[in-house]
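A.B. asks: Got a structure for you, questions after.
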Amino acid sequence: MKPANLEAIHRSFEIQAPNFESRTVNFSKEEYLNYTLSRVAPSKQDTVLDAAAGTCACGRSFAPLVQSVVCLDATPSMLQVGKREAEKDHLNNMVFVKGFAEELPFLNDSFSIVFSRLAFHHFTNVDAAFSEMARTLKPGGKLVLIDLEAAAEEMRQAEDELETLRDPSHVKNLSKNEMLELFASRGLQVEQCETTEMQQRLKSWLALTKTPEPVQREITERMKSELAGKEKTGFSPYMENGEICFHQKWLLLIGRKPL
């Protein structure tokens with residue numbers, strides 16, 4: 001099942017791939033990767049699937065601690081970056097697969113840990129992707145979902161509008177309740193549910209996606225307008241050292257598949 005927005009995903013992440021590992025953005029932030037590992041607590045016997053893996057930053061952080069890691073993504077250029085970085089670090093227990101989270105090319109009950117990080121807001125069919133993740137997870141295994149938590153209900157439309165202006169492959173951010181419902185509907189028992197606020201600097205955030213200058217100006221003006229007390233964007237921007245900044249809420253949920 002190809003994602004309905006596959007072309008937009010390819011365009012966006014082919015642009016982002018060269019700079020996705022940059023230290024100026026938080027998508028590969030070491031502290032958060034270490035936090036994720038501490039919460040998931042993988043073991044040397046674990047077999048791991050990183051679904052919609054991007055440059056496989058999370059999968060690479062798991063690799064030294066587990067038996068094997070499969071990284072799957074729809075965009076070859078992202079996987080190429082991940083494979084290159086894995087080879088630099090001599091991570092020989094990783095496999096890189098082009099494919100779709102909505103139609104995973106793996107048998108039922110294949111992995112003891114299945115996770116997806118910062119991808120669900122790009123999915124046009126979150127139910128299909130989550131169902132596939134649950135299907136390929138072994139009984140007793142852990143399903144880990146990390147994604148951006150939506151703004152308060154009255155701000156969600158404005159937030160998603162700016163997200164999509166910046167990156168046309170964005171679909172929508174899910175609320176905490178919507179993510180919890182994904183677990184409940186598949187009979188997964190949620191063991192952890194935690195939110196972390198991650199600072200983003202507007203200029204770096206826009207630079208990552210190489211958002212066209214006119215769109216950058218529009219987004220910046222709307223942020224400035226909110227700072228001046230006018231219409232809200234859902235981002236709650238603030239100034240720090242002369243730069244516009246905002247916080248994203250990254251929600252981590254870990255669910256256990258029944259035996």
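So you can find residues: chains in the structure tokens are A, B, ... in the order shown, residues in each start at 1, and ligands are numbered from 1 in order.
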Region 111-156 of chain A: which residues are strand (DSSP E) by DSSP, as a ChimeraX atom specification?
C.D. replies: /A:111-117,137-148
A.B. asks: Using C-alpha atoms, can you write the selected residues to a file as a PDB file, in the first residue's frame?
C.D. replies:
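Output below, filename out_6.pdb:
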```pdb
ATOM      1  CA  PHE A 111      10.569  -8.699  15.783  1.00  0.00           C
ATOM      2  CA  SER A 112      10.765  -8.317  19.550  1.00  0.00           C
ATOM      3  CA  ILE A 113      10.916  -4.494  19.294  1.00  0.00           C
ATOM      4  CA  VAL A 114       9.153  -2.464  16.600  1.00  0.00           C
ATOM      5  CA  PHE A 115       9.388   1.301  16.672  1.00  0.00           C
ATOM      6  CA  SER A 116       8.738   4.391  14.621  1.00  0.00           C
ATOM      7  CA  ARG A 117      10.179   7.786  15.463  1.00  0.00           C
ATOM      8  CA  LEU A 137       5.718  -7.627  16.574  1.00  0.00           C
ATOM      9  CA  LYS A 138       6.245 -10.845  18.508  1.00  0.00           C
ATOM     10  CA  PRO A 139       3.892 -11.664  21.401  1.00  0.00           C
ATOM     11  CA  GLY A 140       5.403 -10.126  24.518  1.00  0.00           C
ATOM     12  CA  GLY A 141       7.335  -7.638  22.403  1.00  0.00           C
ATOM     13  CA  LYS A 142       7.447  -3.843  22.685  1.00  0.00           C
ATOM     14  CA  LEU A 143       5.928  -1.412  20.196  1.00  0.00           C
ATOM     15  CA  VAL A 144       7.474   2.050  20.510  1.00  0.00           C
ATOM     16  CA  LEU A 145       5.909   5.138  18.983  1.00  0.00           C
ATOM     17  CA  ILE A 146       7.609   8.539  19.157  1.00  0.00           C
ATOM     18  CA  ASP A 147       5.996  11.465  17.409  1.00  0.00           C
ATOM     19  CA  LEU A 148       5.060  15.121  17.661  1.00  0.00           C
TER      20      LEU A 148
END
```
A.B. asks: What lies within 9 Å of region 231-243 of chain A using only C-alpha atoms, ignoring chain neighbours under 5 positions off, as a list of chain:residue names?
C.D. replies: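 The neighbour list is A:Ala150, A:Ala151, A:Ala152, A:Glu154, A:Met155, A:Arg156, A:Gln157, A:Ala158, A:Glu159, A:Asp160, A:Glu161, A:Leu162, A:Arg201, A:Leu202, A:Lys203, A:Arg222, A:Met223, A:Lys224, A:Ser225, A:Glu226, A:Gln248.
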A.B. asks: Please report, as JSON, numbers by chain, each residue of region 163-251 of chain A to which DSSP assigns helix (DSSP H, G or I) when run on this structure's backbone.
C.D. replies: {"A": [163, 164, 165, 166, 176, 177, 178, 179, 180, 181, 182, 183, 184, 185, 202, 203, 204, 205, 206, 207, 208, 213, 214, 215, 216, 217, 218, 219, 220, 221, 222, 223, 224, 225, 226, 227]}
A.B. asks: When distances are computed from only C-alpha atoms, which of A:Leu107, A:Ala57, A:Leu208, A:Val66 shows the smallest separation from Ala134 (chain A)?
C.D. replies: A:Leu107
A.B. asks: Quick one, how far is CA of Asp89 (chain A) from CA of Glu103 (chain A)?
C.D. replies: 29.8 Å
A.B. asks: Considering only C-alpha atoms, can you say which of A:Gly229, A:Pro76, A:Gly82, A:Gly255 comes closest to Asp50 (chain A)?
C.D. replies: A:Gly82
A.B. asks: Just want the 10 Å neighbourhood of Glu194 (chain A), counted on only C-alpha atoms, with same-chain residues fewer than 5 positions away dropped. Output as a PyMOL selection string.
C.D. replies: chain A and resi 39+146+176+249-254
A.B. asks: For those residues, write C-alpha atoms to a file as an mmCIF file, in the first residue's frame.
C.D. replies:
```cif
data_model
loop_
_atom_site.group_PDB
_atom_site.id
_atom_site.type_symbol
_atom_site.label_atom_id
_atom_site.label_comp_id
_atom_site.auth_asym_id
_atom_site.auth_seq_id
_atom_site.Cartn_x
_atom_site.Cartn_y
_atom_site.Cartn_z
ATOM 1 C CA ARG A 39 13.073 3.795 28.339
ATOM 2 C CA ILE A 146 7.609 8.539 19.157
ATOM 3 C CA LYS A 176 -1.935 12.054 22.932
ATOM 4 C CA LYS A 249 6.321 18.102 22.294
ATOM 5 C CA TRP A 250 7.788 14.685 21.492
ATOM 6 C CA LEU A 251 5.564 11.957 22.886
ATOM 7 C CA LEU A 252 7.035 8.523 23.613
ATOM 8 C CA LEU A 253 4.690 5.582 24.102
ATOM 9 C CA ILE A 254 5.709 1.973 24.718
#
```
A.B. asks: Quick one: residues within 9 Å of region 119-126 of chain A, only C-alpha atoms counted, chain neighbours fewer than 5 positions away excluded, as a count of residues only?
C.D. replies: 22
A.B. asks: Would you mind reading off the distance between CA of Glu132 (chain A) and CA of Pro258 (chain A), one decimal, in Å?
C.D. replies: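 About the pair CA of Glu132 (chain A) and CA of Pro258 (chain A): they are 15.8 Å apart.
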